[in-house]
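A.B. asks: To be precise about what I am sending: the file is called my_file34.tsv and holds TSV, C-alpha atoms.
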chain	number	residue	atom	x	y	z
A	1	MET	CA	-10.15	2.07	11.65
A	2	ALA	CA	-13.84	1.63	11.02
A	3	GLN	CA	-13.54	3.10	7.54
A	4	ILE	CA	-11.72	0.04	6.22
A	5	MET	CA	-14.30	-2.47	7.42
A	6	THR	CA	-16.81	-4.20	5.23
A	7	GLN	CA	-20.26	-5.49	6.20
A	8	ALA	CA	-20.23	-7.68	9.28
A	9	SER	CA	-21.76	-10.64	7.49
A	10	ASP	CA	-19.03	-10.95	4.87
A	11	PHE	CA	-16.15	-9.77	7.00
A	12	ILE	CA	-13.09	-12.01	6.88
A	13	LEU	CA	-10.08	-10.92	8.87
A	14	ASP	CA	-7.05	-10.41	6.66
A	15	PRO	CA	-4.35	-8.75	8.80
A	16	ALA	CA	-1.97	-8.33	5.86
A	17	ARG	CA	-4.53	-6.44	3.80
A	18	MET	CA	-5.88	-4.58	6.80
A	19	PHE	CA	-2.41	-3.42	7.72
A	20	ARG	CA	-1.62	-2.23	4.21
A	21	THR	CA	-4.51	0.17	4.75
A	22	THR	CA	-3.92	1.18	8.37
A	23	GLN	CA	-0.19	1.81	7.83
A	24	ARG	CA	-1.13	4.76	5.64
A	25	TYR	CA	-2.75	6.59	8.55
A	26	GLY	CA	-2.15	7.78	12.06
A	27	HIS	CA	0.52	6.56	14.42
A	28	SER	CA	1.34	3.40	12.38
A	29	HIS	CA	2.12	5.64	9.44
A	30	ALA	CA	4.23	8.02	11.54
A	31	LEU	CA	6.30	5.10	12.85
A	32	GLY	CA	6.46	3.47	9.39
A	33	LEU	CA	5.15	0.10	10.57
A	34	GLN	CA	4.94	-2.84	8.16
A	35	TYR	CA	3.15	-6.17	8.25
A	36	VAL	CA	5.43	-9.20	8.53
A	37	GLY	CA	3.26	-12.20	9.37
A	38	HIS	CA	0.57	-13.68	11.58
A	39	GLY	CA	-1.14	-16.89	12.68
A	40	VAL	CA	-4.09	-17.58	14.97
A	41	GLY	CA	-3.28	-15.63	18.14
A	42	TRP	CA	-0.02	-14.02	17.09
A	43	ALA	CA	1.28	-11.29	14.80
A	44	GLU	CA	4.59	-9.80	13.74
A	45	LEU	CA	5.12	-6.23	12.53
A	46	ALA	CA	8.33	-4.43	11.59
A	47	MET	CA	9.53	-0.85	12.02
A	48	PRO	CA	12.27	-0.02	9.49
A	49	TRP	CA	15.08	2.25	10.59
A	50	LYS	CA	14.68	5.99	10.07
A	51	GLN	CA	16.39	8.96	11.66
A	52	GLU	CA	13.11	10.39	13.01
A	53	LEU	CA	12.76	7.42	15.38
A	54	VAL	CA	16.03	8.12	17.19
A	55	GLY	CA	15.69	8.49	20.95
A	56	ASP	CA	19.34	9.17	21.72
A	57	ILE	CA	21.40	11.04	19.17
A	58	GLN	CA	24.66	9.85	20.74
A	59	THR	CA	23.94	6.15	20.33
A	60	GLU	CA	21.61	6.49	17.29
A	61	THR	CA	19.23	3.90	18.69
A	62	MET	CA	15.45	3.91	18.32
A	63	ALA	CA	13.46	5.67	21.04
A	64	THR	CA	11.93	3.41	23.66
A	65	GLY	CA	8.60	5.13	22.99
A	66	ALA	CA	8.75	4.08	19.34
A	67	ILE	CA	9.45	0.48	20.38
A	68	ILE	CA	6.46	0.60	22.73
A	69	GLY	CA	4.32	1.96	19.88
A	70	LEU	CA	5.41	-0.97	17.70
A	71	LEU	CA	4.67	-3.48	20.49
A	72	ASP	CA	1.29	-1.90	21.28
A	73	MET	CA	0.23	-2.00	17.64
A	74	THR	CA	1.42	-5.58	17.15
A	75	ALA	CA	-0.41	-6.59	20.32
A	76	GLY	CA	-3.64	-5.13	18.93
A	77	VAL	CA	-3.29	-7.14	15.72
A	78	SER	CA	-2.54	-10.32	17.71
A	79	VAL	CA	-5.84	-9.90	19.59
A	80	TRP	CA	-7.77	-9.77	16.29
A	81	THR	CA	-5.99	-12.89	15.05
A	82	ARG	CA	-7.02	-14.67	18.27
A	83	LEU	CA	-10.65	-13.56	17.79
A	84	GLU	CA	-10.38	-14.16	14.04
A	85	THR	CA	-12.25	-10.93	13.53
A	86	PHE	CA	-11.86	-7.20	14.15
A	87	ARG	CA	-13.05	-5.80	17.46
A	88	PRO	CA	-12.32	-2.26	18.76
A	89	GLN	CA	-10.11	-2.19	21.84
A	90	ALA	CA	-8.06	0.12	24.02
A	91	THR	CA	-4.78	-0.52	25.81
A	92	LEU	CA	-5.35	-0.98	29.54
A	93	ASP	CA	-1.80	-1.57	30.73
A	94	LEU	CA	1.62	-2.45	29.40
A	95	ARG	CA	4.72	-3.68	31.14
A	96	ILE	CA	7.96	-3.34	29.19
A	97	ASP	CA	11.37	-4.72	30.20
A	98	TYR	CA	14.40	-3.49	28.30
A	99	LEU	CA	16.67	-6.50	28.02
A	100	ARG	CA	19.56	-4.95	26.15
A	101	ALA	CA	20.46	-1.88	24.10
A	102	ALA	CA	19.13	-1.88	20.54
A	103	HIS	CA	21.67	-1.93	17.74
A	104	PRO	CA	22.27	1.50	16.21
A	105	ARG	CA	20.58	2.32	12.90
A	106	THR	CA	18.79	-1.04	12.77
A	107	ALA	CA	15.18	-1.99	12.01
A	108	MET	CA	13.03	-3.35	14.85
A	109	ALA	CA	10.37	-6.06	14.74
A	110	ALA	CA	7.78	-7.16	17.30
A	111	ARG	CA	6.22	-10.58	17.79
A	112	VAL	CA	3.23	-10.59	20.09
A	113	GLU	CA	0.97	-13.41	21.18
A	114	CYS	CA	-2.58	-12.97	22.45
A	115	TYR	CA	-2.73	-15.94	24.80
A	116	ARG	CA	-6.14	-15.37	26.37
A	117	VAL	CA	-9.36	-13.46	25.71
A	118	THR	CA	-12.35	-13.08	27.98
A	119	HIS	CA	-15.63	-11.22	27.36
A	120	GLU	CA	-14.05	-7.89	28.21
A	121	ILE	CA	-10.27	-8.28	28.22
A	122	ALA	CA	-7.47	-9.64	26.01
A	123	PHE	CA	-4.08	-10.64	27.46
A	124	VAL	CA	-0.92	-10.33	25.41
A	125	ARG	CA	2.81	-10.91	25.68
A	126	GLY	CA	5.64	-10.51	23.25
A	127	ILE	CA	9.07	-9.31	22.34
A	128	ALA	CA	10.80	-6.67	20.24
A	129	HIS	CA	13.95	-7.74	18.41
A	130	ASP	CA	16.36	-6.22	15.91
A	131	GLY	CA	17.13	-9.26	13.78
A	132	ASP	CA	17.34	-12.27	16.10
A	133	PRO	CA	14.10	-13.18	17.93
A	134	SER	CA	16.10	-15.38	20.32
A	135	ASP	CA	18.00	-12.28	21.52
A	136	PRO	CA	15.22	-9.74	22.11
A	137	VAL	CA	15.68	-6.05	22.87
A	138	ALA	CA	12.51	-5.82	24.97
A	139	HIS	CA	9.84	-8.02	26.52
A	140	MET	CA	6.23	-6.92	26.91
A	141	ALA	CA	3.16	-8.10	28.78
A	142	GLY	CA	-0.13	-6.27	28.73
A	143	SER	CA	-3.89	-6.25	28.63
A	144	PHE	CA	-6.45	-4.64	26.33
A	145	MET	CA	-10.08	-3.82	27.01
A	146	PHE	CA	-12.72	-4.27	24.32
A	147	THR	CA	-14.58	-1.05	23.60
A	148	GLY	CA	-17.18	-2.36	21.15
A	149	GLU	CA	-18.68	-5.42	19.55
A	150	PRO	CA	-16.81	-7.82	17.24
A	151	MET	CA	-17.13	-7.28	13.49
A	152	ALA	CA	-18.34	-10.87	12.97
A	153	PRO	CA	-19.71	-13.51	15.35
A	154	LEU	CA	-16.93	-15.01	17.46
A	155	LYS	CA	-16.00	-18.62	16.79
A	156	PRO	CA	-15.89	-20.55	20.04
A	157	PRO	CA	-13.58	-21.45	21.57
A	158	HIS	CA	-11.19	-18.54	21.24
A	159	ASN	CA	-8.81	-19.93	23.78
A	160	PRO	CA	-6.74	-22.98	22.91
A	161	PRO	CA	-6.82	-25.68	25.60
A	162	ALA	CA	-3.09	-26.32	25.27
A	163	ASN	CA	-0.25	-24.56	27.04
A	164	PRO	CA	-0.50	-20.93	26.01
A	165	LEU	CA	3.28	-20.53	26.06
A	166	ALA	CA	2.72	-21.27	22.48
A	167	ASP	CA	4.89	-22.62	19.77
A	168	SER	CA	3.87	-19.43	17.96
A	169	PHE	CA	7.14	-17.81	18.99
A	170	THR	CA	9.17	-20.56	17.38
A	171	LYS	CA	7.19	-20.63	14.17
A	172	ASP	CA	8.55	-18.65	11.31
A	173	ALA	CA	6.54	-15.60	10.45
A	174	GLY	CA	6.55	-16.81	6.83
B	1	MET	CA	18.73	10.85	27.91
B	2	ILE	CA	20.62	13.70	26.34
B	3	ALA	CA	23.27	15.02	28.67
B	4	GLY	CA	24.29	18.54	27.80
B	5	SER	CA	24.90	21.87	29.41
B	6	ALA	CA	22.14	24.29	30.26
B	7	ASN	CA	19.77	23.39	27.46
B	8	TYR	CA	17.80	20.20	27.38
B	9	THR	CA	17.51	18.92	23.82
B	10	LEU	CA	14.74	16.58	22.84
B	11	PRO	CA	15.67	13.79	20.38
B	12	PRO	CA	14.33	13.36	16.79
B	13	TYR	CA	11.59	10.99	18.02
B	14	ALA	CA	10.15	13.83	20.13
B	15	ASP	CA	9.98	15.97	16.96
B	16	LEU	CA	8.14	13.15	15.17
B	17	LEU	CA	5.54	13.23	17.93
B	18	GLY	CA	5.54	17.05	18.03
B	19	ILE	CA	6.66	17.24	21.67
B	20	SER	CA	8.07	20.47	23.09
B	21	ILE	CA	9.07	21.68	26.54
B	22	SER	CA	6.30	24.01	27.69
B	23	ASP	CA	7.66	24.87	31.10
B	24	SER	CA	11.21	24.40	32.31
B	25	PRO	CA	11.75	25.46	35.92
B	26	GLU	CA	15.21	25.86	37.42
B	27	ASN	CA	16.75	24.06	40.41
B	28	GLY	CA	15.98	20.50	39.44
B	29	GLU	CA	12.19	20.76	39.29
B	30	PRO	CA	10.74	18.61	36.49
B	31	PRO	CA	9.82	20.28	33.19
B	32	THR	CA	6.34	19.93	31.68
B	33	LEU	CA	6.22	18.57	28.12
B	34	SER	CA	3.39	19.25	25.72
B	35	MET	CA	2.23	17.32	22.66
B	36	PRO	CA	-0.42	19.01	20.46
B	37	PHE	CA	-2.66	16.58	18.61
B	38	HIS	CA	-1.87	15.77	14.99
B	39	ASP	CA	-2.57	12.94	12.56
B	40	GLY	CA	0.60	11.05	13.39
B	41	LEU	CA	-0.65	10.45	16.94
B	42	ALA	CA	-4.00	8.93	16.01
B	43	GLY	CA	-5.03	5.42	16.92
B	44	ARG	CA	-8.68	4.64	16.43
B	45	PRO	CA	-10.55	7.55	14.80
B	46	GLY	CA	-10.82	10.40	17.29
B	47	MET	CA	-8.42	8.82	19.77
B	48	LEU	CA	-4.80	9.25	20.75
B	49	HIS	CA	-2.69	6.12	20.17
B	50	GLY	CA	-1.41	4.30	23.28
B	51	GLY	CA	2.07	4.17	21.78
B	52	ALA	CA	2.18	7.95	21.32
B	53	ILE	CA	1.10	8.45	24.96
B	54	ALA	CA	3.87	6.06	26.03
B	55	GLY	CA	6.35	8.09	23.97
B	56	LEU	CA	5.34	11.31	25.71
B	57	LEU	CA	5.52	9.67	29.17
B	58	ASP	CA	8.99	8.36	28.36
B	59	MET	CA	10.24	11.77	27.17
B	60	ALA	CA	8.81	13.51	30.27
B	61	ALA	CA	10.44	10.94	32.56
B	62	ASN	CA	13.81	11.44	30.86
B	63	ALA	CA	13.49	15.22	31.18
B	64	ALA	CA	12.57	14.98	34.88
B	65	LEU	CA	15.47	12.70	35.72
B	66	THR	CA	17.96	14.77	33.71
B	67	ALA	CA	16.85	17.94	35.54
B	68	SER	CA	17.11	16.22	38.89
B	69	LEU	CA	20.53	14.70	38.24
B	70	ARG	CA	21.96	17.96	36.95
B	71	ALA	CA	20.70	19.85	39.99
B	72	GLY	CA	22.43	17.28	42.18
B	73	GLY	CA	25.63	17.54	40.16
B	74	GLN	CA	25.43	13.85	39.29
B	75	ALA	CA	26.12	11.95	36.11
B	76	SER	CA	23.30	12.45	33.67
B	77	ARG	CA	23.58	9.32	31.57
B	78	PHE	CA	20.97	6.65	32.18
B	79	LYS	CA	18.96	4.00	30.40
B	80	PRO	CA	15.58	2.43	31.10
B	81	ILE	CA	15.34	-0.95	32.82
B	82	GLY	CA	11.58	-1.35	32.85
B	83	MET	CA	8.39	0.65	32.49
B	84	THR	CA	4.84	-0.07	33.68
B	85	ILE	CA	2.13	1.99	31.99
B	86	ASP	CA	-1.50	2.29	33.07
B	87	TYR	CA	-3.98	3.78	30.63
B	88	VAL	CA	-6.70	5.32	32.79
B	89	ARG	CA	-8.79	7.35	30.36
B	90	ALA	CA	-9.05	7.57	26.58
B	91	GLY	CA	-6.84	10.26	25.04
B	92	LYS	CA	-8.80	12.60	22.76
B	93	GLU	CA	-7.84	14.77	19.79
B	94	LYS	CA	-6.50	17.59	21.95
B	95	PRO	CA	-3.18	18.70	23.45
B	96	THR	CA	-1.59	16.34	25.95
B	97	LEU	CA	0.80	17.38	28.72
B	98	ALA	CA	3.10	15.26	30.85
B	99	ARG	CA	5.44	15.72	33.79
B	100	GLY	CA	7.65	13.26	35.64
B	101	ARG	CA	8.49	13.09	39.31
B	102	VAL	CA	11.72	11.49	40.47
B	103	THR	CA	10.77	9.51	43.55
B	104	ARG	CA	14.17	8.06	44.30
B	105	ILE	CA	17.75	8.37	43.12
B	106	GLY	CA	19.97	5.64	44.43
B	107	ARG	CA	23.56	4.86	43.57
B	108	ARG	CA	22.67	2.76	40.56
B	109	VAL	CA	18.93	3.03	40.00
B	110	ALA	CA	16.48	5.92	39.85
B	111	THR	CA	12.68	5.65	39.91
B	112	VAL	CA	10.48	8.11	38.04
B	113	ILE	CA	6.70	8.35	38.16
B	114	VAL	CA	5.19	10.24	35.25
B	115	GLU	CA	1.64	11.29	34.41
B	116	ALA	CA	-0.02	12.55	31.22
B	117	TRP	CA	-3.21	14.63	31.16
B	118	GLN	CA	-5.30	16.69	28.75
B	119	ASP	CA	-7.73	19.24	30.21
B	120	ASP	CA	-7.21	18.85	33.91
B	121	ASP	CA	-3.92	17.91	35.55
B	122	SER	CA	-5.77	16.20	38.39
B	123	ARG	CA	-7.42	13.79	35.92
B	124	HIS	CA	-4.56	12.00	34.21
B	125	ILE	CA	-5.17	9.85	31.13
B	126	ALA	CA	-2.10	7.65	31.68
B	127	ALA	CA	0.65	7.10	34.22
B	128	ALA	CA	3.88	5.14	34.24
B	129	ARG	CA	6.55	4.05	36.68
B	130	ILE	CA	10.01	3.72	35.20
B	131	HIS	CA	13.25	2.37	36.66
B	132	MET	CA	16.41	3.83	35.16
B	133	LEU	CA	19.93	2.47	35.42
B	134	LEU	CA	22.36	5.29	36.17
B	135	SER	CA	25.79	5.44	34.64
B	136	SER	CA	28.65	7.85	34.80
B	137	GLU	CA	30.06	6.48	31.58
B	138	ALA	CA	28.73	6.49	28.07
B	139	ILE	CA	26.17	3.73	27.58
Mind turning this structure into structure tokens?

C.D. replies:
Amino acid sequence: MAQIMTQASDFILDPARMFRTTQRYGHSHALGLQYVGHGVGWAELAMPWKQELVGDIQTETMATGAIIGLLDMTAGVSVWTRLETFRPQATLDLRIDYLRAAHPRTAMAARVECYRVTHEIAFVRGIAHDGDPSDPVAHMAGSFMFTGEPMAPLKPPHNPPANPLADSFTKDAG
Amino acid sequence: MIAGSANYTLPPYADLLGISISDSPENGEPPTLSMPFHDGLAGRPGMLHGGAIAGLLDMAANAALTASLRAGGQASRFKPIGMTIDYVRAGKEKPTLARGRVTRIGRRVATVIVEAWQDDDSRHIAAARIHMLLSSEAI
């Protein structure tokens, strides 16, 4: 993703713009991911329905792997919104619970919150839903490890003092 | 998750990732799945995306459980309950292989452990543990 970055000194994180670029390449492009919305410490991306994402031809539902890809990517963006800058990272672990079957031939969206960052690690949690965020298809928790320096100096503090079970999930993506 | 007769058919999502069955032993042993590198699997430049690795792990786990259930003459419909993935090493721009191992088949739940590797099958890049809900009916 380094190719889309500007000079560190004038770098301002714009997830919408950044994602318009990244969605043209790599795994985001293959899955067809789209930017939906973000705030400080959370992001939402969507994965429109397409036949290539089917994991079970009998039920015509999206593959669980594709849903994990969507959650993983959304989690990465949520970490940058928490830092308010870009920083390279790698997934360390993910825990996914499948809460119910996805609706057939339906788009999926993921909302992920980065609720804590330390020097080395970012912690995330979120959901995947197919229309109603209050009735999610899957729940995710995970951690990411930073693999390089931030694009711009970090603004302290990165962690809000309030309860991290944030209102971000109830806010509209707008 | 595809129950069929002798042949195990991978779903469209496996084609999107470029996954094929590279080795399919008889008598319930788990098949090995392979995923050559291509652009659609890329995360950061030069690296395999974590989501693509998860997709391969999931497909290999499904194939292992299907093989095992068929060998035991059991119902071969199932759906995932939960999955825990550990990313141990960075995936590079090279072919990735994965194979599952069914550690337990109960009456209602099966557990599959699955590993993905690149050059050396003793140095896996990622591993997952998946619980599957078994069903004799259509899900």

A.B. asks: Near chain A, which residues of chain B fall within 9 Å when you count only C-alpha atoms, and what do they look like as a PyMOL selection string?

C.D. replies: chain B and resi 1-2+10-17+38-45+48-59+79-88+90+139

A.B. asks: Hey, which of B:Ile130, B:Thr66, B:Gly18, B:Gln118 ends up closest to B:Glu93? Count all atoms listed in the file.

C.D. replies: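 Comparing B:Ile130, B:Thr66, B:Gly18, B:Gln118 against B:Glu93, the winner is B:Gln118.
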
A.B. asks: For each of B:Met35, B:Ile21, B:Val102, B:Val114, take the minimum atom-to-atom distance to B:Ala128, counting all atoms listed in the file, then give the residue where this is smallest.

C.D. replies: B:Val114

A.B. asks: Report, in Å to a single decimal, how far apart atom CA of A:Ala128 and atom CA of B:Tyr8 are.

C.D. replies: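 Atom-to-atom, atom CA of B:Tyr8 and atom CA of A:Ala128 are spaced 28.7 Å apart.
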
A.B. asks: Could you tell me how far atom CA of A:Leu83 lies from atom CA of A:Pro136, in Å and to one decimal?

C.D. replies: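 These two atoms are separated by 26.5 Å.
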
A.B. asks: Please report the interatomic distance between atom CA of A:Ala43 and atom CA of A:Met145 in Å with one decimal.

C.D. replies: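 Atom-to-atom, atom CA of A:Ala43 and atom CA of A:Met145 are spaced 18.3 Å apart.
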
A.B. asks: Considering all atoms listed in the file, return as a ChimeraX atom specification whatever protein or nucleic-acid residues lie within 12 Å of B:Thr103, sequence-local ones (same chain, fewer than 5 positions apart) excluded.

C.D. replies: /B:30,61,64-65,68,109-114,129-132

A.B. asks: Using all atoms listed in the file, pick whichever of A:Pro48, A:Arg87, A:Cys114, A:Met108 has the shortest atom-to-atom distance to A:Leu13.

C.D. replies: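 Smallest separation from A:Leu13 among the options: A:Arg87.
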
A.B. asks: From the options A:Arg17, A:His38, A:Thr61, A:Ser78, which residue's atoms come nearest to A:Phe123, counting only C-alpha atoms?

C.D. replies: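 Under the stated criterion, the closest residue is A:Ser78.
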
A.B. asks: For B:Ser22, work out the shell of residues within 7 Å, counting all atoms listed in the file and skipping chain neighbours fewer than 3 positions away, then give it as a PyMOL selection string.

C.D. replies: chain B and resi 32-34

A.B. asks: Box time for stretch 75-87 of chain A: axis-aligned, enclosing all its listed atoms, 5 Å extra on each side; report centre and edge lengths in Å to one decimal, as JSON.

C.D. replies:
{"center_x": -6.7, "center_y": -9.9, "center_z": 16.9, "size_x": 22.6, "size_y": 19.5, "size_z": 16.8}
